[in-house]
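Okay, target_7.txt now, which holds compact mmCIF, C-alpha atoms:
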# COMPACT_ATOMS: atom_id res chain seq x y z
CA MET A 8 23.61 -12.85 -17.31
CA SER A 9 22.07 -10.18 -15.21
CA GLU A 10 20.39 -7.34 -17.02
CA LYS A 11 19.78 -3.93 -15.58
CA PRO A 12 16.26 -3.28 -14.31
CA LYS A 13 14.24 -1.29 -16.83
CA LEU A 14 11.75 1.29 -15.59
CA HIS A 15 8.70 2.15 -17.69
CA TYR A 16 7.11 5.47 -16.75
CA PHE A 17 6.90 9.13 -17.64
CA ASN A 18 9.93 11.31 -17.57
CA GLY A 19 8.90 12.61 -14.17
CA ARG A 20 8.58 11.69 -10.52
CA GLY A 21 5.08 10.40 -9.85
CA ARG A 22 4.93 6.92 -8.37
CA MET A 23 8.20 5.80 -9.91
CA GLU A 24 10.40 8.21 -8.01
CA SER A 25 10.42 6.10 -4.82
CA ILE A 26 11.66 3.19 -6.92
CA ARG A 27 14.48 5.29 -8.39
CA TRP A 28 15.33 6.36 -4.84
CA LEU A 29 15.51 2.78 -3.60
CA LEU A 30 17.63 1.46 -6.47
CA ALA A 31 20.08 4.33 -6.02
CA PRO A 32 21.37 3.61 -2.49
CA ALA A 33 21.59 -0.04 -3.41
CA GLY A 34 24.00 1.07 -6.13
CA VAL A 35 21.86 -0.59 -8.78
CA GLU A 36 22.17 0.87 -12.25
CA PHE A 37 18.94 0.95 -14.16
CA GLU A 38 17.55 1.93 -17.55
CA GLU A 39 14.47 4.00 -18.17
CA GLU A 40 11.96 3.95 -21.00
CA PHE A 41 9.81 7.04 -20.92
CA LEU A 42 6.20 6.98 -22.02
CA GLU A 43 6.15 9.73 -24.60
CA SER A 44 2.66 9.35 -26.03
CA ARG A 45 -0.71 7.70 -25.66
CA GLU A 46 0.19 5.34 -28.53
CA TRP A 47 3.21 4.14 -26.59
CA TYR A 48 1.02 3.45 -23.54
CA GLU A 49 -1.52 1.60 -25.68
CA MET A 50 1.25 -0.50 -27.16
CA LEU A 51 2.32 -1.58 -23.69
CA LEU A 52 -1.30 -2.42 -22.93
CA GLN A 53 -1.72 -4.46 -26.08
CA ASP A 54 1.51 -6.33 -25.45
CA GLY A 55 0.04 -7.43 -22.15
CA ALA A 56 2.98 -5.87 -20.39
CA LEU A 57 0.90 -4.12 -17.73
CA LEU A 58 -0.77 -6.61 -15.39
CA PHE A 59 -3.48 -4.19 -14.26
CA GLN A 60 -3.16 -1.82 -17.22
CA GLN A 61 -1.11 0.59 -15.12
CA VAL A 62 2.36 1.96 -14.74
CA PRO A 63 4.82 1.98 -12.98
CA MET A 64 6.16 -1.16 -14.55
CA VAL A 65 9.66 -2.42 -13.85
CA GLU A 66 11.28 -5.22 -15.78
CA ILE A 67 13.50 -6.97 -13.27
CA ASP A 68 14.85 -10.51 -12.96
CA GLY A 69 12.64 -11.83 -15.74
CA MET A 70 9.46 -10.33 -14.27
CA LYS A 71 7.37 -7.45 -15.51
CA MET A 72 6.54 -6.05 -12.08
CA VAL A 73 3.73 -3.62 -11.45
CA GLN A 74 2.24 -2.03 -8.29
CA THR A 75 4.67 0.35 -6.69
CA ARG A 76 4.69 -1.27 -3.26
CA ALA A 77 5.29 -4.75 -4.69
CA ILE A 78 8.23 -3.42 -6.69
CA LEU A 79 9.69 -1.56 -3.71
CA SER A 80 9.29 -4.62 -1.45
CA TYR A 81 11.09 -6.79 -3.97
CA ILE A 82 13.97 -4.37 -4.36
CA ALA A 83 14.25 -3.95 -0.58
CA GLY A 84 14.29 -7.71 -0.08
CA LYS A 85 16.76 -8.36 -2.87
CA TYR A 86 19.27 -5.68 -1.89
CA ASN A 87 19.23 -6.24 1.86
CA LEU A 88 17.28 -3.11 2.74
CA TYR A 89 14.48 -4.94 4.56
CA GLY A 90 15.98 -5.69 7.97
CA LYS A 91 17.20 -9.01 9.26
CA ASP A 92 13.99 -10.71 10.42
CA LEU A 93 10.21 -10.57 10.39
CA LYS A 94 9.93 -8.12 13.27
CA GLU A 95 12.39 -5.65 11.76
CA ARG A 96 10.45 -5.95 8.54
CA ALA A 97 7.26 -5.15 10.45
CA TRP A 98 8.75 -1.89 11.77
CA ILE A 99 10.15 -1.00 8.35
CA ASP A 100 6.73 -1.63 6.80
CA MET A 101 4.99 0.54 9.40
CA TYR A 102 7.43 3.42 8.97
CA VAL A 103 7.32 3.19 5.18
CA GLU A 104 3.52 3.12 5.09
CA GLY A 105 3.34 6.24 7.26
CA VAL A 106 5.76 8.11 5.01
CA ARG A 107 3.91 6.98 1.91
CA ASP A 108 0.67 8.47 3.22
CA LEU A 109 2.50 11.79 3.48
CA MET A 110 4.03 11.36 0.01
CA ASP A 111 0.55 10.76 -1.42
CA LEU A 112 -0.52 14.24 -0.33
CA ILE A 113 2.41 15.69 -2.26
CA ARG A 114 2.00 13.47 -5.28
CA VAL A 115 -1.51 14.73 -5.99
CA HIS A 116 -0.64 18.36 -5.27
CA HIS A 117 -0.24 19.56 -8.85
CA LYS A 118 -3.43 17.85 -9.98
CA LEU A 119 -5.39 20.26 -7.79
CA SER A 120 -6.77 23.65 -8.69
CA PRO A 121 -4.77 26.68 -7.44
CA GLN A 122 -7.22 27.20 -4.54
CA GLU A 123 -7.11 23.55 -3.56
CA GLN A 124 -3.32 23.68 -3.80
CA GLN A 125 -3.18 26.36 -1.16
CA LYS A 126 -5.25 24.24 1.20
CA ASN A 127 -3.24 21.15 0.35
CA LEU A 128 0.02 22.93 1.04
CA ALA A 129 -1.23 23.80 4.52
CA LEU A 130 -2.34 20.19 5.00
CA ILE A 131 1.05 18.84 3.92
CA GLY A 132 2.82 21.16 6.35
CA GLU A 133 0.43 20.30 9.15
CA LYS A 134 0.55 16.53 8.68
CA ALA A 135 4.30 16.48 8.27
CA ALA A 136 4.86 18.57 11.39
CA THR A 137 2.27 16.99 13.68
CA ARG A 138 1.56 13.47 12.48
CA TYR A 139 4.60 12.07 10.70
CA PHE A 140 7.92 13.75 11.42
CA PRO A 141 7.45 13.67 15.23
CA VAL A 142 7.23 9.88 15.00
CA TYR A 143 10.58 9.54 13.27
CA GLU A 144 12.20 12.19 15.45
CA LYS A 145 11.14 10.17 18.50
CA ILE A 146 12.40 6.88 17.08
CA LEU A 147 15.83 8.35 16.46
CA LYS A 148 15.80 9.95 19.90
CA ASP A 149 14.80 6.75 21.71
CA HIS A 150 17.41 4.40 20.27
CA LYS A 151 20.08 6.95 19.30
CA ASP A 152 21.13 4.88 16.29
CA ASP A 153 21.98 6.41 12.94
CA PHE A 154 19.14 4.62 11.16
CA LEU A 155 15.50 3.92 11.90
CA VAL A 156 15.59 0.13 12.22
CA GLY A 157 18.23 -2.38 13.21
CA ASN A 158 21.14 0.01 13.16
CA GLN A 159 21.64 -0.27 9.42
CA LEU A 160 20.31 1.48 6.33
CA THR A 161 16.91 0.13 5.28
CA TRP A 162 14.05 1.00 2.95
CA ALA A 163 12.52 3.01 5.82
CA ASP A 164 15.49 5.41 5.89
CA VAL A 165 15.46 5.86 2.12
CA GLN A 166 11.73 6.51 2.10
CA LEU A 167 12.12 9.00 4.95
CA ILE A 168 14.87 11.02 3.33
CA GLU A 169 12.93 11.13 0.08
CA ALA A 170 9.91 12.46 2.01
CA ILE A 171 11.96 15.02 3.92
CA LEU A 172 13.50 16.47 0.76
CA THR A 173 10.18 16.44 -1.08
CA VAL A 174 8.30 18.21 1.73
CA GLU A 175 11.13 20.73 2.06
CA GLU A 176 10.62 21.68 -1.57
CA LYS A 177 7.15 22.83 -0.58
CA VAL A 178 7.71 23.84 3.04
CA PRO A 179 11.38 24.81 3.36
CA THR A 180 11.37 25.25 7.14
CA ILE A 181 9.60 21.98 7.91
CA LEU A 182 12.56 20.50 9.81
CA SER A 183 13.13 23.53 12.04
CA GLU A 184 11.75 21.75 15.13
CA PHE A 185 13.28 18.37 14.32
CA LEU A 186 16.96 18.41 15.21
CA LEU A 187 17.48 14.68 14.93
CA LEU A 188 15.84 14.59 11.51
CA GLN A 189 18.17 17.39 10.42
CA ALA A 190 21.12 15.28 11.50
CA PHE A 191 19.57 12.22 9.85
CA LYS A 192 19.13 14.12 6.62
CA ALA A 193 22.76 15.26 6.63
CA ARG A 194 24.03 11.80 7.49
CA VAL A 195 22.00 9.89 4.93
CA SER A 196 22.65 12.48 2.20
CA SER A 197 26.35 11.89 2.59
CA ILE A 198 26.18 8.15 1.97
CA ALA A 199 28.14 7.74 -1.27
CA THR A 200 25.40 6.24 -3.43
CA ILE A 201 22.76 8.65 -2.15
CA LYS A 202 25.08 11.62 -2.51
CA LYS A 203 25.58 10.62 -6.13
CA PHE A 204 21.81 10.36 -6.65
CA LEU A 205 21.37 13.88 -5.28
CA GLN A 206 23.80 15.39 -7.74
CA PRO A 207 22.85 16.89 -11.11
CA GLY A 208 23.00 14.38 -13.92
CA SER A 209 21.57 11.54 -11.85
CA GLN A 210 18.29 9.83 -12.71
CA ARG A 211 16.47 11.73 -9.99
CA LYS A 212 13.64 13.70 -11.53
CA PRO A 213 12.79 17.37 -10.93
CA PRO A 214 9.65 18.42 -9.02
CA THR A 215 6.37 17.84 -10.83
CA ASP A 216 4.73 20.83 -12.44
CA GLU A 217 1.46 21.59 -14.22
CA LYS A 218 2.98 20.76 -17.60
CA ALA A 219 3.82 17.25 -16.41
CA VAL A 220 0.30 16.79 -15.06
CA ALA A 221 -1.24 17.90 -18.36
CA PHE A 222 1.03 15.46 -20.18
CA THR A 223 0.04 12.47 -18.03
CA ASN A 224 -3.63 13.42 -18.27
CA ARG A 225 -3.32 13.30 -22.03
CA ILE A 226 -1.69 9.89 -22.01
CA PHE A 227 -4.31 8.43 -19.72
CA ASN A 228 -7.21 10.26 -21.37
CA ARG A 229 -8.19 11.77 -18.09
CA ARG A 230 -10.60 14.69 -17.91
CA MET B 20 3.48 -17.02 26.95
CA SER B 21 1.77 -16.25 23.69
CA GLU B 22 -1.26 -13.99 23.88
CA LYS B 23 -3.93 -13.77 21.25
CA PRO B 24 -3.64 -10.86 18.84
CA ARG B 25 -5.97 -8.03 19.75
CA LEU B 26 -7.72 -6.00 17.08
CA ILE B 27 -8.84 -2.45 17.82
CA TYR B 28 -11.27 -0.98 15.29
CA PHE B 29 -14.89 -0.11 14.67
CA ASN B 30 -17.46 -2.89 14.87
CA GLY B 31 -17.52 -3.32 11.13
CA ARG B 32 -15.46 -4.31 8.11
CA GLY B 33 -13.50 -1.30 6.94
CA ARG B 34 -9.77 -1.75 6.72
CA MET B 35 -9.68 -4.34 9.47
CA GLU B 36 -11.72 -6.97 7.66
CA SER B 37 -8.74 -8.18 5.60
CA VAL B 38 -6.86 -8.72 8.85
CA ARG B 39 -9.74 -10.78 10.24
CA TRP B 40 -9.79 -12.86 7.06
CA LEU B 41 -6.07 -13.53 7.16
CA LEU B 42 -5.97 -14.46 10.84
CA ALA B 43 -8.99 -16.71 10.37
CA ALA B 44 -7.40 -18.46 7.40
CA ALA B 45 -4.26 -18.98 9.48
CA ARG B 46 -6.48 -20.40 12.25
CA VAL B 47 -5.33 -17.77 14.70
CA GLU B 48 -7.82 -16.85 17.40
CA PHE B 49 -7.99 -13.18 18.18
CA GLU B 50 -9.75 -10.70 20.43
CA GLU B 51 -11.47 -7.53 19.36
CA ILE B 52 -12.08 -4.18 21.01
CA PHE B 53 -14.64 -2.05 19.23
CA LEU B 54 -14.43 1.73 18.98
CA ASP B 55 -17.88 3.15 19.61
CA THR B 56 -17.07 6.58 20.99
CA ARG B 57 -14.74 9.45 20.24
CA GLU B 58 -13.51 9.31 23.83
CA GLN B 59 -12.08 5.85 23.30
CA TYR B 60 -10.26 7.03 20.19
CA VAL B 61 -8.88 10.15 21.82
CA LYS B 62 -7.66 8.07 24.75
CA LEU B 63 -5.82 5.71 22.39
CA ILE B 64 -4.08 8.70 20.84
CA LYS B 65 -3.19 10.21 24.21
CA ASP B 66 -1.83 6.85 25.39
CA GLY B 67 0.47 6.88 22.37
CA SER B 68 -0.99 3.63 21.09
CA LEU B 69 -1.61 4.87 17.56
CA MET B 70 1.67 5.61 15.82
CA PHE B 71 0.09 7.86 13.20
CA GLN B 72 -3.09 8.56 15.14
CA GLN B 73 -5.00 6.07 13.04
CA VAL B 74 -6.66 2.69 13.30
CA PRO B 75 -6.52 -0.24 12.50
CA LEU B 76 -4.39 -1.13 15.50
CA VAL B 77 -3.35 -4.73 16.12
CA GLU B 78 -1.53 -5.71 19.29
CA ILE B 79 0.54 -8.72 18.31
CA ASP B 80 3.78 -10.24 19.60
CA GLY B 81 4.48 -7.29 21.85
CA MET B 82 4.02 -4.75 19.07
CA LYS B 83 1.27 -2.19 18.63
CA MET B 84 1.06 -2.52 14.87
CA VAL B 85 -0.61 0.07 12.66
CA GLN B 86 -0.92 0.49 8.89
CA THR B 87 -3.03 -2.25 7.38
CA ARG B 88 -0.47 -3.42 4.85
CA ALA B 89 2.25 -3.71 7.47
CA ILE B 90 -0.06 -5.75 9.69
CA LEU B 91 -1.12 -8.05 6.87
CA SER B 92 2.48 -8.55 5.69
CA TYR B 93 3.54 -9.51 9.18
CA ILE B 94 0.72 -12.02 9.62
CA ALA B 95 1.36 -13.48 6.16
CA GLY B 96 5.06 -13.84 6.91
CA LYS B 97 4.52 -15.31 10.35
CA TYR B 98 1.93 -17.88 9.34
CA ASN B 99 3.55 -19.06 6.13
CA LEU B 100 1.11 -17.37 3.76
CA TYR B 101 3.78 -15.39 1.89
CA GLY B 102 5.26 -17.93 -0.52
CA LYS B 103 8.59 -19.68 -0.25
CA ASP B 104 11.00 -17.12 -1.70
CA LEU B 105 11.42 -13.54 -2.82
CA LYS B 106 9.96 -14.11 -6.28
CA GLU B 107 6.82 -15.81 -5.00
CA ARG B 108 6.48 -12.94 -2.56
CA ALA B 109 6.75 -10.52 -5.48
CA PHE B 110 3.81 -12.16 -7.24
CA ILE B 111 1.78 -12.34 -4.05
CA ASP B 112 2.48 -8.65 -3.45
CA MET B 113 1.46 -7.71 -7.00
CA TYR B 114 -1.79 -9.64 -6.78
CA VAL B 115 -2.58 -8.30 -3.31
CA GLU B 116 -1.90 -4.71 -4.34
CA GLY B 117 -4.20 -5.02 -7.35
CA ILE B 118 -6.94 -6.52 -5.21
CA THR B 119 -6.41 -3.81 -2.60
CA ASP B 120 -7.04 -1.13 -5.23
CA LEU B 121 -10.41 -2.80 -5.96
CA MET B 122 -11.18 -3.29 -2.25
CA HIS B 123 -10.45 0.38 -1.69
CA MET B 124 -13.29 1.36 -4.00
CA ILE B 125 -15.61 -0.91 -2.03
CA LEU B 126 -14.28 0.43 1.26
CA MET B 127 -14.97 4.03 0.31
CA PHE B 128 -18.36 3.32 -1.27
CA PRO B 129 -20.54 3.73 1.86
CA PHE B 130 -18.92 7.12 2.48
CA SER B 131 -19.57 8.51 -0.98
CA PRO B 132 -22.42 11.01 -1.39
CA PRO B 133 -25.78 9.55 -2.53
CA GLU B 134 -25.54 11.18 -5.96
CA ALA B 135 -22.19 9.48 -6.62
CA LYS B 136 -23.18 6.01 -5.47
CA GLU B 137 -24.60 4.77 -8.76
CA LYS B 138 -21.50 5.86 -10.65
CA ASN B 139 -19.18 4.31 -8.06
CA LEU B 140 -21.05 1.05 -8.12
CA ALA B 141 -20.76 0.89 -11.90
CA LEU B 142 -17.04 1.62 -11.62
CA ILE B 143 -16.52 -1.16 -9.06
CA THR B 144 -18.24 -3.64 -11.35
CA GLU B 145 -16.37 -2.41 -14.41
CA ARG B 146 -12.96 -2.60 -12.76
CA ALA B 147 -13.67 -6.02 -11.29
CA THR B 148 -14.87 -7.38 -14.61
CA HIS B 149 -12.33 -5.77 -16.94
CA ARG B 150 -9.21 -5.02 -14.95
CA TYR B 151 -8.86 -7.34 -11.98
CA PHE B 152 -10.80 -10.59 -12.31
CA PRO B 153 -9.44 -11.37 -15.79
CA VAL B 154 -5.90 -11.31 -14.37
CA PHE B 155 -6.66 -13.94 -11.75
CA GLU B 156 -8.81 -16.00 -14.11
CA LYS B 157 -5.85 -16.11 -16.49
CA ALA B 158 -3.32 -16.94 -13.77
CA LEU B 159 -5.37 -19.89 -12.55
CA LYS B 160 -6.04 -21.10 -16.08
CA GLN B 161 -2.38 -20.91 -17.09
CA HIS B 162 -0.91 -22.97 -14.29
CA GLY B 163 -3.96 -25.09 -13.60
CA GLN B 164 -3.24 -25.12 -9.89
CA ASP B 165 -5.62 -24.62 -7.01
CA PHE B 166 -3.95 -21.47 -5.71
CA LEU B 167 -2.60 -18.31 -7.27
CA VAL B 168 1.07 -18.66 -6.33
CA GLY B 169 3.38 -21.57 -5.63
CA ASN B 170 0.75 -24.28 -5.47
CA GLN B 171 -0.11 -23.50 -1.87
CA VAL B 172 -2.55 -21.15 -0.19
CA SER B 173 -1.16 -17.67 0.32
CA TRP B 174 -2.23 -14.17 1.33
CA ALA B 175 -3.13 -13.55 -2.32
CA ASP B 176 -5.76 -16.32 -2.30
CA ILE B 177 -7.34 -15.09 0.92
CA GLN B 178 -7.44 -11.53 -0.38
CA LEU B 179 -8.95 -12.67 -3.69
CA MET B 180 -11.64 -14.68 -1.92
CA GLU B 181 -12.52 -11.69 0.24
CA VAL B 182 -12.86 -9.35 -2.72
CA ILE B 183 -14.88 -11.83 -4.80
CA LEU B 184 -17.47 -12.10 -2.04
CA ALA B 185 -17.46 -8.34 -1.47
CA VAL B 186 -18.07 -7.58 -5.15
CA GLU B 187 -20.74 -10.29 -5.37
CA GLU B 188 -22.63 -8.57 -2.58
CA LYS B 189 -22.92 -5.59 -4.91
CA THR B 190 -23.11 -7.39 -8.27
CA PRO B 191 -24.28 -10.97 -7.70
CA ALA B 192 -23.59 -12.20 -11.24
CA VAL B 193 -20.09 -10.77 -11.45
CA LEU B 194 -18.41 -14.19 -11.75
CA LEU B 195 -20.54 -15.30 -14.71
CA ALA B 196 -17.74 -14.96 -17.23
CA PHE B 197 -15.07 -16.39 -14.91
CA PRO B 198 -15.31 -20.18 -14.56
CA GLN B 199 -11.87 -20.53 -12.96
CA LEU B 200 -12.80 -17.98 -10.30
CA GLN B 201 -16.09 -19.76 -9.67
CA ALA B 202 -14.21 -23.00 -9.05
CA PHE B 203 -11.64 -21.11 -6.94
CA LYS B 204 -14.40 -19.63 -4.81
CA THR B 205 -15.96 -23.04 -4.22
CA ARG B 206 -12.60 -24.57 -3.35
CA MET B 207 -11.71 -21.79 -0.94
CA SER B 208 -15.16 -21.91 0.69
CA ASN B 209 -14.61 -25.56 1.49
CA MET B 210 -11.29 -25.05 3.26
CA PRO B 211 -12.11 -25.74 6.92
CA ALA B 212 -10.78 -22.48 8.36
CA ILE B 213 -12.53 -20.38 5.74
CA LYS B 214 -15.71 -22.41 5.92
CA LYS B 215 -15.79 -21.69 9.64
CA PHE B 216 -15.16 -17.97 9.06
CA LEU B 217 -18.07 -17.84 6.62
CA GLN B 218 -20.52 -19.26 9.14
CA PRO B 219 -22.71 -17.15 11.43
CA GLY B 220 -21.11 -16.41 14.77
CA SER B 221 -17.62 -15.96 13.34
CA PRO B 222 -15.68 -12.67 13.68
CA ARG B 223 -16.59 -11.83 10.09
CA LYS B 224 -18.45 -8.53 9.97
CA PRO B 225 -21.60 -7.75 7.96
CA PRO B 226 -21.63 -5.29 5.06
CA PRO B 227 -21.41 -1.67 6.23
CA ASP B 228 -24.70 0.06 6.98
CA ASP B 229 -25.69 3.60 7.95
CA HIS B 230 -24.98 2.94 11.60
CA TYR B 231 -21.44 1.86 10.77
CA VAL B 232 -20.87 4.94 8.64
CA SER B 233 -22.17 7.31 11.28
CA THR B 234 -20.09 5.62 14.01
CA VAL B 235 -16.91 6.00 11.96
CA LEU B 236 -17.61 9.64 11.21
CA LYS B 237 -18.46 10.35 14.83
CA VAL B 238 -15.39 8.62 16.28
CA LEU B 239 -13.01 10.21 13.78
CA ALA B 240 -14.91 13.52 14.01
CA GLU B 241 -14.70 13.95 10.26
CA GLU B 242 -16.96 16.48 8.66

Translate the structure described by the file into structure tokens.
Amino acid sequence: MSEKPKLHYFNGRGRMESIRWLLAPAGVEFEEEFLESREWYEMLLQDGALLFQQVPMVEIDGMKMVQTRAILSYIAGKYNLYGKDLKERAWIDMYVEGVRDLMDLIRVHHKLSPQEQQKNLALIGEKAATRYFPVYEKILKDHKDDFLVGNQLTWADVQLIEAILTVEEKVPTILSEFLLLQAFKARVSSIATIKKFLQPGSQRKPPTDEKAVAFTNRIFNRR
Amino acid sequence: MSEKPRLIYFNGRGRMESVRWLLAAARVEFEEIFLDTREQYVKLIKDGSLMFQQVPLVEIDGMKMVQTRAILSYIAGKYNLYGKDLKERAFIDMYVEGITDLMHMILMFPFSPPEAKEKNLALITERATHRYFPVFEKALKQHGQDFLVGNQVSWADIQLMEVILAVEEKTPAVLLAFPQLQAFKTRMSNMPAIKKFLQPGSPRKPPPDDHYVSTVLKVLAEE
């Protein structure tokens, strides 16, 4: 009897969004339990449900998994999104790690003061355009396949499209120099399960705002 | 014809130390090239050797691998330090990610401003004692086995050993309340490959000092 994975997190993107993104193309239905209050979080802590006292936490296959990367790796491995051998996995890991560094810049954006946000926005645009997107543009150019690794959809492609769309929310013209990434974006967006995830009513969460940051600060008793 | 892996990094611990630990535990001999000057670093970038313009870089099996986690995952997978199935890998990943969060605090410590050092040191000790070490103490106590996952040595054990020693360098009595971890540390120290790595003359690097910090800042030209 296979239960649906259950995601424990805020009703917002944060670190859980990449997990929602990865479950979606795999066509995996999942449930979500949103942390609504500090008491709720403390209850999870007291139950011993959070290995390192942190969320995200995903209940899946009898495990209470924590640590975003561990969860993503497991999902990728389970649903055949991790390549066919160790070397393909190595390339997927490298590409994913690069994208995640870029995503980190965006994830902390709304925690910054308005002045810092301006600087961060410039940094996001600069890093995306000079450090990260050129790499993926070149990969697609060199092998001419539809996907980054092994000519099939993998975790790397899902992570990349999530990053592209998220950066575009902040820097709408970011793909103007990257023709192959534009084609990649169109192609991957039209995959049935991903198309569905991109439509209203899906479990994809809206962009983070100051209200969401204040809420999470309250739950975690942050300054 | 199998060449030795080649590690390109500063002559110090940093993010590369975990790679040295893992290769040593797997009894894999490796070469090292040390970055002492900005010119070397700029040349690596111009040669296209650094996918995201960053080190660590490990040349292994015909790949120029970057991103520490990707490198470590590959080595763990190749040398049978990643468990026997997807679920064991999930637990290894969770443990490694938790340990990495603690290691990150230690990694950043030498670069923190003098006025923040006392606070950061206290935080490292607090996290080790209250968030991370209790998890591994409990895991070892519950299954009564010598290693964290699957009754055989894995990446998680190597990573745990590394972080225990690193925290002890800052807080010598940190394992006082953790008898299982004390026994674990002794056991791991006696494994031939690790014993060798812990002896003088091995590739293990000393704790970071001012010279290391200034070299890193100079090479990366960070303000």

Would you mind listing, as a PyMOL selection string, all residues of chain A that have at least one atom within 9 Å of chain B, where all atoms listed in the file are what counts? chain A and resi 58-60+70+72-78+80-81+84-85+93-94+96-105+138-139+142

All residues 12 Å or closer to stretch 178-186 of chain A, all atoms listed in the file, same chain fewer than 6 positions away omitted, as a ChimeraX atom specification: /A:113,125,127-137,139-148,168,170-172,192-193

For A:Gln206, which of A:Asn87, A:Gln159, A:Ser120, A:Ala31 is the closest residue, counting all atoms listed in the file?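 Of A:Asn87, A:Gln159, A:Ser120, A:Ala31, the one nearest A:Gln206, counting all atoms listed in the file, is A:Ala31.
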
With all atoms listed in the file as the counted atoms, please give the residues lying no more than 9 Å from B:Trp40, apart from itself and same-chain residues fewer than 2 positions off, as a list in words. Met35, Glu36, Ser37, Val38, Leu42, Ala43, Ala44, Ala45, Ile177, Gln178, Glu181, Ile213, Phe216, Pro222 and Arg223 of chain B

Two-atom distance - atom CA of A:Ile201, atom CA of A:Pro32 (Å):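 Spanning atom CA of A:Ile201 to atom CA of A:Pro32 is a straight-line distance of 5.2 Å.
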
With only C-alpha atoms counted, which protein, DNA or RNA residues have an atom no more than 10 Å from (0.4, -3.2, -19.7) in the file frame? Please answer as a list in words.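 Every polymer residue passing the test: Tyr48, Glu49, Met50, Leu51, Leu52, Gln53, Asp54, Gly55, Ala56, Leu57, Leu58, Phe59, Gln60, Gln61, Val62, Pro63, Met64, Lys71 and Val73 of chain A.
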
Select, counting only C-alpha atoms, all protein, DNA and RNA residues no farther than 8 Å from (18.7, -2.7, -17.9) in file coordinates, and express the selection as number ranges by chain. A: 10-13, 36-39

Could you please determine the separation between atom CA of A:Asp68 and atom CA of A:Val195 in Å, to one decimal place?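 Computing the Euclidean distance for atom CA of A:Asp68 and atom CA of A:Val195 yields 28.1 Å.
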